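J.: Contents are compact mmCIF, N, CA, C and O atoms; file name model_26.txt:
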```
# COMPACT_ATOMS: atom_id res chain seq x y z
N MET V 1485 -11.35 12.75 -24.43
CA MET V 1485 -10.10 12.62 -23.74
C MET V 1485 -10.40 12.51 -22.25
O MET V 1485 -11.21 13.23 -21.72
N LEU V 1486 -9.73 11.58 -21.62
CA LEU V 1486 -9.91 11.38 -20.19
C LEU V 1486 -8.61 11.63 -19.47
O LEU V 1486 -7.54 11.32 -19.97
N ALA V 1487 -8.71 12.18 -18.27
CA ALA V 1487 -7.53 12.38 -17.42
C ALA V 1487 -7.96 12.23 -15.98
O ALA V 1487 -9.07 12.60 -15.61
N PHE V 1488 -7.08 11.68 -15.18
CA PHE V 1488 -7.34 11.53 -13.77
C PHE V 1488 -6.20 12.14 -12.98
O PHE V 1488 -5.04 11.96 -13.34
N VAL V 1489 -6.53 12.86 -11.93
CA VAL V 1489 -5.52 13.40 -11.04
C VAL V 1489 -5.65 12.65 -9.72
O VAL V 1489 -6.75 12.55 -9.17
N SER V 1490 -4.56 12.10 -9.25
CA SER V 1490 -4.61 11.38 -7.99
C SER V 1490 -3.23 11.39 -7.35
O SER V 1490 -2.22 11.59 -8.02
N ARG V 1491 -3.23 11.16 -6.07
CA ARG V 1491 -1.98 11.06 -5.34
C ARG V 1491 -1.50 9.62 -5.44
O ARG V 1491 -2.30 8.69 -5.54
N SER V 1492 -0.19 9.44 -5.37
CA SER V 1492 0.36 8.10 -5.53
C SER V 1492 -0.10 7.15 -4.42
O SER V 1492 -0.15 5.94 -4.62
N ASP V 1493 -0.45 7.69 -3.25
CA ASP V 1493 -0.91 6.82 -2.17
C ASP V 1493 -2.42 6.62 -2.19
O ASP V 1493 -2.97 5.93 -1.34
N GLN V 1494 -3.09 7.20 -3.19
CA GLN V 1494 -4.54 7.07 -3.29
C GLN V 1494 -4.99 6.77 -4.71
O GLN V 1494 -5.99 7.30 -5.18
N VAL V 1495 -4.24 5.95 -5.41
CA VAL V 1495 -4.58 5.61 -6.80
C VAL V 1495 -5.89 4.84 -6.83
O VAL V 1495 -6.08 3.87 -6.09
N GLN V 1496 -6.80 5.28 -7.66
CA GLN V 1496 -8.11 4.64 -7.79
C GLN V 1496 -8.09 3.75 -9.04
O GLN V 1496 -8.57 4.13 -10.10
N THR V 1497 -7.53 2.56 -8.87
CA THR V 1497 -7.36 1.68 -10.02
C THR V 1497 -8.68 1.30 -10.67
O THR V 1497 -8.73 1.07 -11.88
N GLU V 1498 -9.75 1.26 -9.90
CA GLU V 1498 -11.05 0.90 -10.49
C GLU V 1498 -11.45 1.92 -11.56
O GLU V 1498 -11.94 1.55 -12.63
N LYS V 1499 -11.26 3.21 -11.28
CA LYS V 1499 -11.61 4.25 -12.26
C LYS V 1499 -10.73 4.13 -13.51
O LYS V 1499 -11.22 4.26 -14.63
N ILE V 1500 -9.46 3.90 -13.30
CA ILE V 1500 -8.54 3.78 -14.43
C ILE V 1500 -8.91 2.57 -15.28
O ILE V 1500 -8.96 2.66 -16.50
N GLU V 1501 -9.19 1.46 -14.65
CA GLU V 1501 -9.57 0.25 -15.39
C GLU V 1501 -10.88 0.45 -16.13
O GLU V 1501 -11.03 0.01 -17.27
N ARG V 1502 -11.84 1.11 -15.51
CA ARG V 1502 -13.13 1.37 -16.16
C ARG V 1502 -12.94 2.26 -17.38
O ARG V 1502 -13.49 2.00 -18.45
N ALA V 1503 -12.13 3.31 -17.25
CA ALA V 1503 -11.87 4.20 -18.38
C ALA V 1503 -11.13 3.46 -19.50
O ALA V 1503 -11.43 3.66 -20.68
N ALA V 1504 -10.19 2.60 -19.13
CA ALA V 1504 -9.45 1.83 -20.13
C ALA V 1504 -10.39 0.90 -20.89
O ALA V 1504 -10.30 0.79 -22.11
N ARG V 1505 -11.31 0.24 -20.18
CA ARG V 1505 -12.27 -0.65 -20.85
C ARG V 1505 -13.15 0.13 -21.83
O ARG V 1505 -13.41 -0.32 -22.95
N ARG V 1506 -13.60 1.31 -21.41
CA ARG V 1506 -14.44 2.13 -22.30
C ARG V 1506 -13.66 2.57 -23.54
O ARG V 1506 -14.18 2.53 -24.65
N ALA V 1507 -12.42 3.01 -23.34
CA ALA V 1507 -11.60 3.47 -24.46
C ALA V 1507 -11.35 2.33 -25.44
O ALA V 1507 -11.42 2.52 -26.66
N PHE V 1508 -11.09 1.14 -24.92
CA PHE V 1508 -10.86 0.00 -25.80
C PHE V 1508 -12.12 -0.35 -26.58
O PHE V 1508 -12.09 -0.56 -27.79
N ALA V 1509 -13.24 -0.39 -25.88
CA ALA V 1509 -14.50 -0.76 -26.53
C ALA V 1509 -14.89 0.24 -27.61
O ALA V 1509 -15.39 -0.14 -28.66
N LYS V 1510 -14.64 1.50 -27.35
CA LYS V 1510 -15.06 2.54 -28.29
C LYS V 1510 -14.05 2.78 -29.42
O LYS V 1510 -14.44 3.02 -30.56
N ASN V 1511 -12.75 2.71 -29.10
CA ASN V 1511 -11.73 3.12 -30.08
C ASN V 1511 -10.64 2.09 -30.34
O ASN V 1511 -9.73 2.35 -31.09
N GLY V 1512 -10.70 0.97 -29.68
CA GLY V 1512 -9.64 -0.02 -29.86
C GLY V 1512 -8.35 0.33 -29.13
O GLY V 1512 -7.30 -0.21 -29.45
N VAL V 1513 -8.42 1.24 -28.17
CA VAL V 1513 -7.24 1.64 -27.41
C VAL V 1513 -6.85 0.53 -26.45
O VAL V 1513 -7.72 -0.10 -25.85
N ARG V 1514 -5.58 0.30 -26.30
CA ARG V 1514 -5.09 -0.70 -25.35
C ARG V 1514 -4.22 -0.01 -24.31
O ARG V 1514 -3.43 0.86 -24.64
N VAL V 1515 -4.35 -0.44 -23.09
CA VAL V 1515 -3.54 0.07 -21.98
C VAL V 1515 -2.74 -1.10 -21.44
O VAL V 1515 -3.28 -2.17 -21.20
N ARG V 1516 -1.45 -0.88 -21.27
CA ARG V 1516 -0.58 -1.95 -20.76
C ARG V 1516 0.48 -1.34 -19.87
O ARG V 1516 0.75 -0.14 -19.94
N PRO V 1517 1.11 -2.15 -19.06
CA PRO V 1517 2.18 -1.63 -18.21
C PRO V 1517 3.42 -1.29 -19.04
O PRO V 1517 3.63 -1.85 -20.11
N ILE V 1518 4.22 -0.37 -18.54
CA ILE V 1518 5.45 0.00 -19.22
C ILE V 1518 6.48 -1.11 -19.07
O ILE V 1518 6.55 -1.78 -18.04
N ASN V 1519 7.25 -1.33 -20.10
CA ASN V 1519 8.32 -2.33 -20.09
C ASN V 1519 9.62 -1.60 -19.76
O ASN V 1519 10.25 -1.00 -20.63
N MET V 1520 10.02 -1.65 -18.51
CA MET V 1520 11.21 -0.93 -18.07
C MET V 1520 12.49 -1.49 -18.70
O MET V 1520 13.49 -0.78 -18.78
N LYS V 1521 12.46 -2.74 -19.17
CA LYS V 1521 13.64 -3.30 -19.82
C LYS V 1521 13.86 -2.69 -21.21
O LYS V 1521 14.94 -2.81 -21.77
N ASP V 1522 12.82 -2.06 -21.75
CA ASP V 1522 12.90 -1.38 -23.05
C ASP V 1522 12.45 0.07 -22.88
O ASP V 1522 11.64 0.58 -23.64
N PHE V 1523 13.00 0.74 -21.88
CA PHE V 1523 12.54 2.09 -21.55
C PHE V 1523 12.70 3.05 -22.72
O PHE V 1523 11.77 3.81 -23.02
N ASP V 1524 13.85 3.04 -23.39
CA ASP V 1524 14.05 3.95 -24.52
C ASP V 1524 13.03 3.70 -25.63
O ASP V 1524 12.50 4.64 -26.23
N GLY V 1525 12.73 2.44 -25.89
CA GLY V 1525 11.72 2.11 -26.90
C GLY V 1525 10.34 2.57 -26.48
O GLY V 1525 9.55 3.05 -27.30
N GLU V 1526 10.03 2.42 -25.19
CA GLU V 1526 8.73 2.85 -24.67
C GLU V 1526 8.59 4.37 -24.80
O GLU V 1526 7.54 4.88 -25.20
N VAL V 1527 9.64 5.11 -24.47
CA VAL V 1527 9.61 6.57 -24.60
C VAL V 1527 9.40 6.96 -26.06
O VAL V 1527 8.60 7.85 -26.37
N ALA V 1528 10.06 6.27 -26.96
CA ALA V 1528 9.90 6.57 -28.39
C ALA V 1528 8.46 6.32 -28.84
O ALA V 1528 7.90 7.11 -29.61
N ARG V 1529 7.83 5.26 -28.34
CA ARG V 1529 6.44 4.98 -28.71
C ARG V 1529 5.49 6.05 -28.16
O ARG V 1529 4.57 6.49 -28.85
N VAL V 1530 5.71 6.46 -26.92
CA VAL V 1530 4.86 7.51 -26.34
C VAL V 1530 5.04 8.80 -27.14
O VAL V 1530 4.06 9.50 -27.45
N TRP V 1531 6.25 9.12 -27.49
CA TRP V 1531 6.55 10.32 -28.28
C TRP V 1531 5.80 10.27 -29.62
O TRP V 1531 5.19 11.25 -30.03
N GLU V 1532 5.84 9.12 -30.27
CA GLU V 1532 5.16 8.97 -31.56
C GLU V 1532 3.65 9.17 -31.42
O GLU V 1532 3.02 9.86 -32.22
N VAL V 1533 3.06 8.55 -30.40
CA VAL V 1533 1.61 8.69 -30.17
C VAL V 1533 1.27 10.14 -29.85
O VAL V 1533 0.30 10.70 -30.37
N TYR V 1534 2.06 10.77 -28.99
CA TYR V 1534 1.81 12.17 -28.63
C TYR V 1534 1.80 13.06 -29.87
O TYR V 1534 0.88 13.84 -30.07
N CYS V 1535 2.85 12.94 -30.68
CA CYS V 1535 2.94 13.80 -31.88
C CYS V 1535 1.79 13.53 -32.84
O CYS V 1535 1.22 14.46 -33.41
N ALA V 1536 1.43 12.26 -33.03
CA ALA V 1536 0.33 11.92 -33.94
C ALA V 1536 -0.99 12.45 -33.41
O ALA V 1536 -1.82 12.96 -34.17
N ALA V 1537 -1.19 12.36 -32.10
CA ALA V 1537 -2.46 12.78 -31.51
C ALA V 1537 -2.64 14.30 -31.54
O ALA V 1537 -3.75 14.80 -31.70
N TRP V 1538 -1.57 15.03 -31.37
CA TRP V 1538 -1.67 16.49 -31.27
C TRP V 1538 -1.32 17.24 -32.54
O TRP V 1538 -1.54 18.45 -32.64
N SER V 1539 -0.82 16.57 -33.56
CA SER V 1539 -0.29 17.24 -34.75
C SER V 1539 -1.32 18.10 -35.49
O SER V 1539 -0.94 19.08 -36.12
N ARG V 1540 -2.59 17.79 -35.40
CA ARG V 1540 -3.61 18.56 -36.13
C ARG V 1540 -4.16 19.74 -35.34
O ARG V 1540 -5.01 20.48 -35.83
N ASN V 1541 -3.69 19.91 -34.11
CA ASN V 1541 -4.17 21.03 -33.29
C ASN V 1541 -3.43 22.31 -33.64
O ASN V 1541 -2.22 22.32 -33.84
N TRP V 1542 -4.18 23.40 -33.68
CA TRP V 1542 -3.60 24.69 -33.98
C TRP V 1542 -2.50 25.02 -32.97
O TRP V 1542 -2.66 24.83 -31.78
N GLY V 1543 -1.39 25.49 -33.46
CA GLY V 1543 -0.29 25.89 -32.59
C GLY V 1543 0.57 24.74 -32.11
O GLY V 1543 1.50 24.95 -31.32
N PHE V 1544 0.30 23.53 -32.58
CA PHE V 1544 1.09 22.38 -32.13
C PHE V 1544 2.53 22.53 -32.57
O PHE V 1544 2.83 22.84 -33.72
N VAL V 1545 3.42 22.31 -31.64
CA VAL V 1545 4.86 22.27 -31.93
C VAL V 1545 5.38 20.95 -31.40
O VAL V 1545 5.26 20.67 -30.21
N PRO V 1546 5.93 20.11 -32.26
CA PRO V 1546 6.41 18.81 -31.78
C PRO V 1546 7.55 18.98 -30.76
O PRO V 1546 8.33 19.92 -30.86
N MET V 1547 7.60 18.06 -29.83
CA MET V 1547 8.70 18.07 -28.86
C MET V 1547 10.00 17.79 -29.61
O MET V 1547 10.00 17.09 -30.61
N THR V 1548 11.07 18.34 -29.09
CA THR V 1548 12.37 18.05 -29.65
C THR V 1548 13.14 17.17 -28.68
O THR V 1548 12.95 17.26 -27.48
N ALA V 1549 14.00 16.34 -29.23
CA ALA V 1549 14.82 15.48 -28.39
C ALA V 1549 15.98 16.31 -27.86
O ALA V 1549 16.64 17.02 -28.61
N ARG V 1550 16.20 16.20 -26.58
CA ARG V 1550 17.31 16.91 -25.96
C ARG V 1550 18.44 15.92 -25.76
O ARG V 1550 18.27 14.92 -25.06
N SER V 1551 19.54 16.18 -26.37
CA SER V 1551 20.66 15.27 -26.29
C SER V 1551 21.31 15.33 -24.91
O SER V 1551 21.46 16.39 -24.32
N SER V 1552 21.72 14.18 -24.42
CA SER V 1552 22.39 14.13 -23.12
C SER V 1552 23.90 14.28 -23.28
O SER V 1552 24.63 14.25 -22.31
N THR V 1553 24.37 14.41 -24.52
CA THR V 1553 25.82 14.55 -24.74
C THR V 1553 26.21 15.98 -24.95
O THR V 1553 25.47 16.84 -25.19
```
Once more with this new file: its structure as structure tokens, please.

T.:
Amino acid sequence: MLAFVSRSDQVQTEKIERAARRAFAKNGVRVRPINMKDFDGEVARVWEVYCAAWSRNWGFVPMTARSST
């Protein structure tokens, strides 16, 4: 698992791109920009990946959807 901490005014895109290339080469992971025109769909996809990735960890509790109504 890789993570980078950076300030928005100091984003190191070279590191992010290098990590993305390694992840793709090793695991078939793809990194792409978010589609803001389909924001709800994008959130649903991230939610699905998150739950699938963490579901086998001890103590995992899936996130719940909070209704705005």

J.: Tell me, as a list of chain:residue names, which residues lie within 12 Å of segment 1510-1519 of chain V, counting only C-alpha atoms; anything in the same chain fewer than 4 positions away does not count.

T.: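 Using only C-alpha atoms, the neighbours found are V:Met1485, V:Ile1500, V:Glu1501, V:Arg1502, V:Ala1503, V:Ala1504, V:Arg1505, V:Arg1506, V:Phe1523, V:Asp1524, V:Gly1525, V:Glu1526, V:Val1527, V:Arg1529, V:Val1530, V:Val1533.
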
J.: Any chance you could export the current selection's N, CA, C and O atoms as a PDB file, keeping the file's coordinate frame?

T.:
```
ATOM      1  N   MET V1485     -11.350  12.750 -24.430  1.00  0.00           N
ATOM      2  CA  MET V1485     -10.100  12.620 -23.740  1.00  0.00           C
ATOM      3  C   MET V1485     -10.400  12.510 -22.250  1.00  0.00           C
ATOM      4  O   MET V1485     -11.210  13.230 -21.720  1.00  0.00           O
ATOM      5  N   ILE V1500      -9.460   3.900 -13.300  1.00  0.00           N
ATOM      6  CA  ILE V1500      -8.540   3.780 -14.430  1.00  0.00           C
ATOM      7  C   ILE V1500      -8.910   2.570 -15.280  1.00  0.00           C
ATOM      8  O   ILE V1500      -8.960   2.660 -16.500  1.00  0.00           O
ATOM      9  N   GLU V1501      -9.190   1.460 -14.650  1.00  0.00           N
ATOM     10  CA  GLU V1501      -9.570   0.250 -15.390  1.00  0.00           C
ATOM     11  C   GLU V1501     -10.880   0.450 -16.130  1.00  0.00           C
ATOM     12  O   GLU V1501     -11.030   0.010 -17.270  1.00  0.00           O
ATOM     13  N   ARG V1502     -11.840   1.110 -15.510  1.00  0.00           N
ATOM     14  CA  ARG V1502     -13.130   1.370 -16.160  1.00  0.00           C
ATOM     15  C   ARG V1502     -12.940   2.260 -17.380  1.00  0.00           C
ATOM     16  O   ARG V1502     -13.490   2.000 -18.450  1.00  0.00           O
ATOM     17  N   ALA V1503     -12.130   3.310 -17.250  1.00  0.00           N
ATOM     18  CA  ALA V1503     -11.870   4.200 -18.380  1.00  0.00           C
ATOM     19  C   ALA V1503     -11.130   3.460 -19.500  1.00  0.00           C
ATOM     20  O   ALA V1503     -11.430   3.660 -20.680  1.00  0.00           O
ATOM     21  N   ALA V1504     -10.190   2.600 -19.130  1.00  0.00           N
ATOM     22  CA  ALA V1504      -9.450   1.830 -20.130  1.00  0.00           C
ATOM     23  C   ALA V1504     -10.390   0.900 -20.890  1.00  0.00           C
ATOM     24  O   ALA V1504     -10.300   0.790 -22.110  1.00  0.00           O
ATOM     25  N   ARG V1505     -11.310   0.240 -20.180  1.00  0.00           N
ATOM     26  CA  ARG V1505     -12.270  -0.650 -20.850  1.00  0.00           C
ATOM     27  C   ARG V1505     -13.150   0.130 -21.830  1.00  0.00           C
ATOM     28  O   ARG V1505     -13.410  -0.320 -22.950  1.00  0.00           O
ATOM     29  N   ARG V1506     -13.600   1.310 -21.410  1.00  0.00           N
ATOM     30  CA  ARG V1506     -14.440   2.130 -22.300  1.00  0.00           C
ATOM     31  C   ARG V1506     -13.660   2.570 -23.540  1.00  0.00           C
ATOM     32  O   ARG V1506     -14.180   2.530 -24.650  1.00  0.00           O
ATOM     33  N   PHE V1523      13.000   0.740 -21.880  1.00  0.00           N
ATOM     34  CA  PHE V1523      12.540   2.090 -21.550  1.00  0.00           C
ATOM     35  C   PHE V1523      12.700   3.050 -22.720  1.00  0.00           C
ATOM     36  O   PHE V1523      11.770   3.810 -23.020  1.00  0.00           O
ATOM     37  N   ASP V1524      13.850   3.040 -23.390  1.00  0.00           N
ATOM     38  CA  ASP V1524      14.050   3.950 -24.520  1.00  0.00           C
ATOM     39  C   ASP V1524      13.030   3.700 -25.630  1.00  0.00           C
ATOM     40  O   ASP V1524      12.500   4.640 -26.230  1.00  0.00           O
ATOM     41  N   GLY V1525      12.730   2.440 -25.890  1.00  0.00           N
ATOM     42  CA  GLY V1525      11.720   2.110 -26.900  1.00  0.00           C
ATOM     43  C   GLY V1525      10.340   2.570 -26.480  1.00  0.00           C
ATOM     44  O   GLY V1525       9.550   3.050 -27.300  1.00  0.00           O
ATOM     45  N   GLU V1526      10.030   2.420 -25.190  1.00  0.00           N
ATOM     46  CA  GLU V1526       8.730   2.850 -24.670  1.00  0.00           C
ATOM     47  C   GLU V1526       8.590   4.370 -24.800  1.00  0.00           C
ATOM     48  O   GLU V1526       7.540   4.880 -25.200  1.00  0.00           O
ATOM     49  N   VAL V1527       9.640   5.110 -24.470  1.00  0.00           N
ATOM     50  CA  VAL V1527       9.610   6.570 -24.600  1.00  0.00           C
ATOM     51  C   VAL V1527       9.400   6.960 -26.060  1.00  0.00           C
ATOM     52  O   VAL V1527       8.600   7.850 -26.370  1.00  0.00           O
ATOM     53  N   ARG V1529       7.830   5.260 -28.340  1.00  0.00           N
ATOM     54  CA  ARG V1529       6.440   4.980 -28.710  1.00  0.00           C
ATOM     55  C   ARG V1529       5.490   6.050 -28.160  1.00  0.00           C
ATOM     56  O   ARG V1529       4.570   6.490 -28.850  1.00  0.00           O
ATOM     57  N   VAL V1530       5.710   6.460 -26.920  1.00  0.00           N
ATOM     58  CA  VAL V1530       4.860   7.510 -26.340  1.00  0.00           C
ATOM     59  C   VAL V1530       5.040   8.800 -27.140  1.00  0.00           C
ATOM     60  O   VAL V1530       4.060   9.500 -27.450  1.00  0.00           O
ATOM     61  N   VAL V1533       3.060   8.550 -30.400  1.00  0.00           N
ATOM     62  CA  VAL V1533       1.610   8.690 -30.170  1.00  0.00           C
ATOM     63  C   VAL V1533       1.270  10.140 -29.850  1.00  0.00           C
ATOM     64  O   VAL V1533       0.300  10.700 -30.370  1.00  0.00           O
TER      65      VAL V1533
END
```

J.: Quick check, in Å to one decimal: how far apart do atom CA of Trp1542 of chain V and atom N of Ala1507 of chain V lie?

T.: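 If I compute the distance from atom CA of Trp1542 of chain V to atom N of Ala1507 of chain V, I get 25.7 Å.
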
J.: Which value, in Å to one decimal, gives the distance between atom O of Thr1497 of chain V and atom CA of Met1520 of chain V?

T.: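 Computing it gives 21.0 Å between the two atoms.
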
J.: So how far away is atom CA of Ala1509 of chain V from atom CA of Val1495 of chain V, in Å?

T.: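 It comes out at 23.0 Å.
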
J.: Run DSSP on the backbone and tell me which residues of chain V come out as helix (DSSP H, G or I); list them as a ChimeraX atom specification.

T.: /V:1492-1494,1497-1511,1520-1538
